[in-house]
Amino acid sequence: MMDWTDRHCRFFHRLLTRRALLYSEMITTGAVIHGDRARLLASDPAEQPVALQLGGCDPGALAQCAAIGEGFGFAEINLNVGCPSDRVQEGRFGACLMAEPALVGDCVGAMKAKVRVRVTVKCRIGIDAQDPEEALEALAGAVESAGVDALIVHARKAWLEGLSPRENRDVPPLDYGRVYRLKAAHPRLPVVLNGGIASVGQAPEHLRHLDGVMMGRAAYQEPWRLLAVDPQLFGVPVPFPDSNAAAVALIPYIERELARGVRLHAITRHVLGLFRGVPGARAFRRHLATEAVKASADAETFRDALVLINGGQAAPQTVAA
Ligand SMILES: Cc1cc2nc3c(=O)[nH]c(=O)nc-3n(C[C@H](O)[C@H](O)[C@H](O)COP(=O)(O)O)c2cc1C
């Protein structure tokens, strides 16, 4: 997610779940090819598995970027066919590619020919006046024929005419039934559901019909929920017993990154929702919001914020997400 799932966010989320696949922000092919590649694609090996999400519509450029992403250690290359922003529409990629399924198939085919890692697509169920039955079927058919490894479906339309990108995440109604029908019609195509999944506890019901679930805002805004992923969905032990232990485990990373010139706020802005609902959570957030932005902020600033949780006691956050 743009401006959210940068490398610091992913390192932090990886402390909360060893098993969930994490996603990068969308990075355009133009940025990968002409931009500061080392900065844009930087990640810590500990973050893996991470999917690199690309924005683009040129099969050759996407194949080149997929190979570059694979070289940087990403575990999956994902093509964005869901972003509704104007900037993306001008570039003829993102959600407007829902109207060009053959081109999306060519993009997938070109990337598959270039890399060994998984190549996936994230799409909507349709755009504007499209009929979701036809539009999603056309897209799924094209990418399945091209050998896509999974299709992640944000289960609502994007209305490119008249809605802002933010509104396009809430206003068009969710239609999980459409995604279930897609999977029933394409039993060999791995289909992952996205959109409106508010807790890890909601996943098992969807997993009766589908191959995976993707959590966006709930995972970012309330990252403590990720502690439930490994035990509840993968049947393996939770990496840390509670949010506080995970936060303490982040401190060596903070110290290392600060020594490299990173500002504390660049890391701790992703941690603000970790204690939501726990006594002291507001004081924790306020302390970081005011102190972590200062040039002098260091790991001690983060430790001071942690002391505000439960009056310094380890946070008793349950893993019942
Ligand atoms: C701040 C923000 C940035 C986003 N950036 C991207 C992005 O770069 N690529 C993408 O495929 N979706 C992006 N999305 C959409 C989410 O991935 C997801 O599809 C959407 O929020 C619905 O899922 P949710 O209800 O679980 O959040 C973004 C969403 C938010 C809130």
# chains A, B, ... in the order shown; residues from 1 in each chain; ligands from 1
>>> closest_atom_pairs(of="chain A", to="ligand 1", cutoff="8 Å", atoms="only C-alpha atoms and all ligand atoms", output="tab-separated table")
residue	atom	partner	partner_atom_place_in_ligand_line	distance
A:Met1	CA	ligand 1	5 (N)	3.1
A:Met2	CA	ligand 1	5 (N)	4.0
A:Asp3	CA	ligand 1	1 (C)	6.3
A:Trp4	CA	ligand 1	1 (C)	6.0
A:Ser24	CA	ligand 1	8 (O)	7.5
A:Glu25	CA	ligand 1	8 (O)	4.5
A:Met26	CA	ligand 1	8 (O)	4.0
A:Ile27	CA	ligand 1	8 (O)	7.5
A:Gln53	CA	ligand 1	9 (N)	7.0
A:Asn80	CA	ligand 1	11 (O)	5.4
A:Val81	CA	ligand 1	11 (O)	7.3
A:Gly82	CA	ligand 1	11 (O)	5.8
A:Cys83	CA	ligand 1	10 (C)	6.0
A:Lys122	CA	ligand 1	11 (O)	6.1
A:Cys123	CA	ligand 1	11 (O)	7.6
A:His154	CA	ligand 1	19 (O)	5.4
A:Arg166	CA	ligand 1	31 (C)	7.2
A:Arg169	CA	ligand 1	20 (C)	5.6
A:Asp170	CA	ligand 1	25 (O)	7.8
A:Asn194	CA	ligand 1	23 (O)	5.3
A:Gly195	CA	ligand 1	23 (O)	3.6
A:Gly196	CA	ligand 1	25 (O)	3.6
A:Ile197	CA	ligand 1	26 (O)	5.2
A:Ala198	CA	ligand 1	26 (O)	7.0
A:Met214	CA	ligand 1	26 (O)	6.5
A:Met215	CA	ligand 1	26 (O)	4.1
A:Gly216	CA	ligand 1	26 (O)	3.5
A:Arg217	CA	ligand 1	27 (O)	3.7
A:Ala218	CA	ligand 1	26 (O)	6.0
A:Ala219	CA	ligand 1	26 (O)	7.5
>>> closest_atom_pairs(of="segment 44-139 of chain A", to="segment 180-191 of chain A", cutoff="9 Å", atoms="only C-alpha atoms", output="tab-separated table")
residue	atom	partner	partner_atom	distance
A:Glu133	CA	A:Leu182	CA	8.5
A:Leu136	CA	A:Leu182	CA	7.8
A:Glu137	CA	A:Leu182	CA	7.0
>>> select_by_dssp(residues="segment 189-310 of chain A", states="strand (DSSP E)", output="JSON, numbers by chain")
{"A": [191, 192, 193, 194, 212, 213, 214]}
>>> atom_distance(atom1="atom CA of Gln64 of chain A", atom2="atom CA of Glu144 of chain A")
21.0 Å
>>> select_by_dssp(residues="segment 98-216 of chain A", states="helix (DSSP H, G or I)", output="PyMOL selection string")
chain A and resi 98-99+101-114+132-145+167-169+176-185+200-207
>>> closest_residue(among="A:Ala135, A:Leu52, A:Leu15, A:Ala203", to="Asn244 of chain A", atoms="only C-alpha atoms")
A:Leu15
>>> residues_around(residues="Ile77 of chain A", least_positions_apart="3", cutoff="10 Å", atoms="only C-alpha atoms", output="list of chain:residue names")
A:Tyr23, A:Ser24, A:Val50, A:Ala51, A:Leu52, A:Gln53, A:Leu54, A:Leu62, A:Ala63, A:Cys65, A:Ala66, A:Ala67, A:Gly69, A:Glu70, A:Phe74, A:Asn80, A:Val108, A:Met111, A:Lys112, A:Val115, A:Arg116, A:Val117, A:Arg118, A:Val119, A:Thr120, A:Val121, A:Asp149
>>> residues_around(residues="Gly201 of chain A", least_positions_apart="2", cutoff="10 Å", atoms="only C-alpha atoms", output="VMD selection string")
chain A and resid 197 to 199 203 to 205 225 228 to 229 232 to 233 320 to 321
>>> closest_residue(among="A:Asn310, A:Thr268, A:Ser85, A:Thr5", to="Arg282 of chain A", atoms="only C-alpha atoms")
A:Asn310
>>> closest_residue(among="A:Ala146, A:Val307, A:Ile127, A:Ala249", to="Asp106 of chain A", atoms="only C-alpha atoms")
A:Ala146
>>> closest_residue(among="A:Leu207, A:Leu227, A:Ala99, A:Cys9", to="Asp131 of chain A", atoms="only C-alpha atoms")
A:Ala99
>>> atom_distance(atom1="atom CA of Leu308 of chain A", atom2="atom CA of Ala283 of chain A")
6.3 Å
>>> atom_distance(atom1="atom CA of Arg286 of chain A", atom2="atom CA of Ala259 of chain A")
24.4 Å
